Amino acid sequence: MTNRIRNSSQLVVLVLIIMISAFGCKSSKKAMEASKEKARIEQEAALRQQQEAEAKRKAAEEKEKELKQREAEAKLKEAKASTPKARLGEYFTAISSSPNVTSANNSVNEALTLFASPETPVLIVISEAGGQKDYDRPTTIKDYLNYLKDQKKNINTVSDLKFDSAGKIIELELRKPL
Amino acid sequence: MNNLTNKYLFALITSILITSSLLAQTGEISPERKQAIDSLALEKVRDLSKYISIIGSKNTAYSEATRVMDRAEELFAAGSEMGVSSLNTKEVNYYKVRKYFERLIALNYDRVSIKWYDIHYISDLERQPDGRYVGVVTIYQRFEGESADGMKYKDTTKKDITIYVERKKTQIQGRTVEFWDVLLGDIRVTETSI
Amino acid sequence: MILLNPIVPILTSWTATRAIPLIILLIMVGSPSQAQLVDDMADESKLYAESKQVNQFFRRFNGEEDEKGNRYYPRDKQYQSVKLRKKYFGTLFDEGNTGMSTSLKNDFSKHLLDNGRTVLLDFHGPNWFSEVNTVFTMNGKDQPVILFMELEKSHLGYKWVIRKIHADIFKRSFDRDTTKVGQFLHPLSHELDFMNLRKAFANSDSISQFTVKQFVPDHLTIFLYEIKKGNLKFKSVSEVKFHFFQIDGWYFELSDINRPGYNTGWLISNLMKLNNDAEKVLLSRYLYHETN
């Protein structure tokens, strides 16, 4: 009988030990998990901070890049704008998109100053094959500028300019879109 | 021997001249050139439309309208006319181009909307007895208008526009420049029941 | 309407008075605003379908353009291909005309396209002509005149010329009744140096009776003479159609059909099989108004 009691109390103790150890495991597991969680949260926060800093850095970089590009473009434009071809192109755009007749006429008169005379010939290439160019009926720069003003369209591109010794244009070649 | 060579040379030169004149006679326009000429002709048709809209607009001053009429007339060959007919009557009414422009200035209209259909059809270029090429460009226009008394009118017209194409030469800065001279001719306007 | 005033002086008819100002309005391109494109796809597809020019009819008949109207050239694979021509064939006819049966059209199609055939229309070729219905004025009165015209080679190119004309007004002048005995110059008139000619010509109404049996007046000559004299003045063209005898054993008529829908423009408005030359000649004479 005592043996049986001893055995059962041993069994109870064993069970208790198992329970305690299990509980202990659980709580230590929980504690472990808690600390793991804490570490994870701290890690995430750190990562987020890192990413934000990175993003800020990138944005700043981009902005600088953009600024530099715009500066470069402006410089290029400035350089280009000084060429007669570019200036002429700008005048054509201005005349054909003028909001009113007065401003259009002003642009026409300004543009004419680039030329030796209002009767300066203008040739328009309609096609080219085997080195031979086909032209539309030749016109004068005065007529062509008025044409742009009336038609409000500017589809031809400047392809060739000839100058006199004074730097004035004596012949203009345009190209129709092919 | 000299006589024989001369005779041979004479025959050779004659045959070359005949061949070149024959080529000048057939004068076929290549498909690529035809495409460029078609494009040019269509551009002139669009130019005419724009000039007419300026001439007919109430906002255009008379002096300006006159200047634009001159430019519009430059698009045409001399003697060109408009022939107009409606669905109601088979009769065609004919107007000289300049006369037609002048009437545009004289007329007053309210709330007019004119639109083009994108479609255009260009015929083959045919050779006339004088060597000039002639073709016809067909376009369509939709008109919607409201008169002062509130009457509404809606219509679609077909326009068959004659084009004359000629190879010409001119002197530019002391050198000869060849170009394609494209002029508009008679225009037939037919009301169409689309 | 105030709008009419500037153009009233040139109008000649009441209908023109109403229709023409509106037409002039609709001719005008653009308004104070920029000219715009119509974006009605259904409408535009009808315009693509339309046989817009006689030139287009030729090209579709011969298989020399695509559905958008872009030209094919000999170097293109589709140029005059049987497949393309078969595709176009059905679109060449006035479907509103029940006089042309499906079997007749099929026979025609077979003749043009079957067994490796390439029977084509030639714009510059013979055997096709135009019937131009016009209005002239004679002594102030409107008179219908039909001009029969054809293409003729001339110098560096071609031109349209008048071959014949038909005008009822001229026909009436030469009417005579050959069944009756009527007036005549007796068989021995020659013995008196034809002095009875004076009496014959005294009455201008009946002088046609003194011409040969086979006499047929040439309307074209009179037409030209009357115009030169200033008696006959052109007013307007009222209708144009074309007659084709170019396809061996066949005749067809080409008319301009103006109506809503997809089957519009220059279309075959009549088709006939010609079984022999006699039929061809008879039809030709009928078309030229030469049968009576």
# chains A, B, ... in the order shown; residues from 1 in each chain; ligands from 1
>>> interface_residues(of="chain B", to="chain C", cutoff="7 Å", atoms="only C-alpha atoms", output="JSON, numbers by chain")
{"B": [25, 49, 50, 52, 53, 57, 90, 91, 92, 106, 107, 108, 112, 113, 114, 115, 116, 117, 118, 121, 123, 127, 128, 129, 130, 131, 143, 192, 193, 194]}
>>> residues_around(residues="Pro31 in chain B", least_positions_apart="3", cutoff="12 Å", atoms="only C-alpha atoms", output="list in words")
Ser127 and Ala129 of chain A; Glu28, Lys34, Gln35, Ala36, Ile37, Asp38, Asp124 and Leu125 of chain B; Asn70, Arg71, Tyr72, Tyr73, Pro74, Arg75 and Asp76 of chain C
>>> residues_around(residues="Ile222 in chain C", least_positions_apart="2", cutoff="12 Å", atoms="only C-alpha atoms", output="MDAnalysis selection string")
chainID C and resid 164:167 169:171 173:174 217:220 224:229 231:232
>>> interface_residues(of="chain B", to="chain A", cutoff="8 Å", atoms="only C-alpha atoms", output="list of chain:residue names")
B:Arg33, B:Ala36, B:Ile37, B:Leu40, B:Asp47, B:Lys50, B:Tyr51, B:Val68, B:Ile172, B:Glu178, B:Phe179, B:Trp180, B:Asp181, B:Val182
>>> closest_residue(among="B:Thr5, B:Arg132, B:Gly145, B:Ile122", to="Ser39 in chain B", atoms="only C-alpha atoms")
B:Ile122
>>> decode(residues="range 251-277 of chain C", atoms="N, CA and C atoms", output="PDB file, in the first residue's frame")
ATOM      1  N   TYR C 251     -22.197  44.680-122.734  1.00  0.00           N
ATOM      2  CA  TYR C 251     -22.379  46.119-122.671  1.00  0.00           C
ATOM      3  C   TYR C 251     -22.765  46.465-121.247  1.00  0.00           C
ATOM      4  N   PHE C 252     -22.256  47.573-120.740  1.00  0.00           N
ATOM      5  CA  PHE C 252     -22.801  48.071-119.480  1.00  0.00           C
ATOM      6  C   PHE C 252     -22.826  49.586-119.457  1.00  0.00           C
ATOM      7  N   GLU C 253     -23.725  50.108-118.638  1.00  0.00           N
ATOM      8  CA  GLU C 253     -23.912  51.552-118.487  1.00  0.00           C
ATOM      9  C   GLU C 253     -23.431  51.945-117.101  1.00  0.00           C
ATOM     10  N   LEU C 254     -22.775  53.094-117.010  1.00  0.00           N
ATOM     11  CA  LEU C 254     -22.249  53.582-115.737  1.00  0.00           C
ATOM     12  C   LEU C 254     -22.943  54.887-115.378  1.00  0.00           C
ATOM     13  N   SER C 255     -23.571  54.937-114.187  1.00  0.00           N
ATOM     14  CA  SER C 255     -24.271  56.149-113.763  1.00  0.00           C
ATOM     15  C   SER C 255     -23.836  56.573-112.378  1.00  0.00           C
ATOM     16  N   ASP C 256     -24.106  57.835-112.043  1.00  0.00           N
ATOM     17  CA  ASP C 256     -23.756  58.370-110.734  1.00  0.00           C
ATOM     18  C   ASP C 256     -24.971  58.262-109.814  1.00  0.00           C
ATOM     19  N   ILE C 257     -24.889  57.347-108.855  1.00  0.00           N
ATOM     20  CA  ILE C 257     -26.010  57.126-107.955  1.00  0.00           C
ATOM     21  C   ILE C 257     -25.770  57.909-106.668  1.00  0.00           C
ATOM     22  N   ASN C 258     -26.613  58.915-106.432  1.00  0.00           N
ATOM     23  CA  ASN C 258     -26.463  59.775-105.262  1.00  0.00           C
ATOM     24  C   ASN C 258     -27.594  59.493-104.289  1.00  0.00           C
ATOM     25  N   ARG C 259     -27.321  58.720-103.270  1.00  0.00           N
ATOM     26  CA  ARG C 259     -28.344  58.370-102.276  1.00  0.00           C
ATOM     27  C   ARG C 259     -27.641  57.967-100.991  1.00  0.00           C
ATOM     28  N   PRO C 260     -28.371  57.897 -99.861  1.00  0.00           N
ATOM     29  CA  PRO C 260     -27.722  57.515 -98.604  1.00  0.00           C
ATOM     30  C   PRO C 260     -27.254  56.060 -98.649  1.00  0.00           C
ATOM     31  N   GLY C 261     -26.287  55.738 -97.807  1.00  0.00           N
ATOM     32  CA  GLY C 261     -25.860  54.344 -97.697  1.00  0.00           C
ATOM     33  C   GLY C 261     -24.498  54.056 -98.275  1.00  0.00           C
ATOM     34  N   TYR C 262     -24.215  52.790 -98.467  1.00  0.00           N
ATOM     35  CA  TYR C 262     -22.899  52.335 -98.903  1.00  0.00           C
ATOM     36  C   TYR C 262     -22.809  52.061-100.400  1.00  0.00           C
ATOM     37  N   ASN C 263     -23.935  51.854-101.057  1.00  0.00           N
ATOM     38  CA  ASN C 263     -23.931  51.531-102.472  1.00  0.00           C
ATOM     39  C   ASN C 263     -24.203  52.796-103.269  1.00  0.00           C
ATOM     40  N   THR C 264     -23.186  53.650-103.380  1.00  0.00           N
ATOM     41  CA  THR C 264     -23.374  54.954-104.025  1.00  0.00           C
ATOM     42  C   THR C 264     -22.205  55.293-104.943  1.00  0.00           C
ATOM     43  N   GLY C 265     -22.403  56.376-105.719  1.00  0.00           N
ATOM     44  CA  GLY C 265     -21.333  56.840-106.606  1.00  0.00           C
ATOM     45  C   GLY C 265     -21.480  56.261-107.994  1.00  0.00           C
ATOM     46  N   TRP C 266     -20.338  56.146-108.707  1.00  0.00           N
ATOM     47  CA  TRP C 266     -20.342  55.647-110.090  1.00  0.00           C
ATOM     48  C   TRP C 266     -20.475  54.125-110.080  1.00  0.00           C
ATOM     49  N   LEU C 267     -21.650  53.642-110.498  1.00  0.00           N
ATOM     50  CA  LEU C 267     -21.951  52.215-110.443  1.00  0.00           C
ATOM     51  C   LEU C 267     -22.562  51.739-111.759  1.00  0.00           C
ATOM     52  N   ILE C 268     -22.423  50.448-112.005  1.00  0.00           N
ATOM     53  CA  ILE C 268     -23.021  49.869-113.218  1.00  0.00           C
ATOM     54  C   ILE C 268     -24.537  49.865-113.040  1.00  0.00           C
ATOM     55  N   SER C 269     -25.221  50.633-113.905  1.00  0.00           N
ATOM     56  CA  SER C 269     -26.669  50.773-113.783  1.00  0.00           C
ATOM     57  C   SER C 269     -27.424  49.931-114.807  1.00  0.00           C
ATOM     58  N   ASN C 270     -26.695  49.303-115.714  1.00  0.00           N
ATOM     59  CA  ASN C 270     -27.322  48.408-116.671  1.00  0.00           C
ATOM     60  C   ASN C 270     -26.264  47.470-117.229  1.00  0.00           C
ATOM     61  N   LEU C 271     -26.651  46.221-117.441  1.00  0.00           N
ATOM     62  CA  LEU C 271     -25.702  45.214-117.950  1.00  0.00           C
ATOM     63  C   LEU C 271     -26.421  44.329-118.956  1.00  0.00           C
ATOM     64  N   MET C 272     -25.799  44.143-120.122  1.00  0.00           N
ATOM     65  CA  MET C 272     -26.428  43.291-121.131  1.00  0.00           C
ATOM     66  C   MET C 272     -25.408  42.406-121.801  1.00  0.00           C
ATOM     67  N   LYS C 273     -25.831  41.197-122.085  1.00  0.00           N
ATOM     68  CA  LYS C 273     -24.959  40.294-122.821  1.00  0.00           C
ATOM     69  C   LYS C 273     -25.247  40.517-124.301  1.00  0.00           C
ATOM     70  N   LEU C 274     -24.198  40.660-125.118  1.00  0.00           N
ATOM     71  CA  LEU C 274     -24.377  40.868-126.557  1.00  0.00           C
ATOM     72  C   LEU C 274     -23.988  39.586-127.269  1.00  0.00           C
ATOM     73  N   ASN C 275     -24.974  38.930-127.852  1.00  0.00           N
ATOM     74  CA  ASN C 275     -24.684  37.622-128.434  1.00  0.00           C
ATOM     75  C   ASN C 275     -23.998  37.671-129.789  1.00  0.00           C
ATOM     76  N   ASN C 276     -24.133  38.790-130.478  1.00  0.00           N
ATOM     77  CA  ASN C 276     -23.442  38.910-131.768  1.00  0.00           C
ATOM     78  C   ASN C 276     -23.258  40.379-132.113  1.00  0.00           C
ATOM     79  N   ASP C 277     -22.568  40.623-133.212  1.00  0.00           N
ATOM     80  CA  ASP C 277     -22.268  41.987-133.641  1.00  0.00           C
ATOM     81  C   ASP C 277     -23.525  42.774-133.980  1.00  0.00           C
TER      82      ASP C 277
END
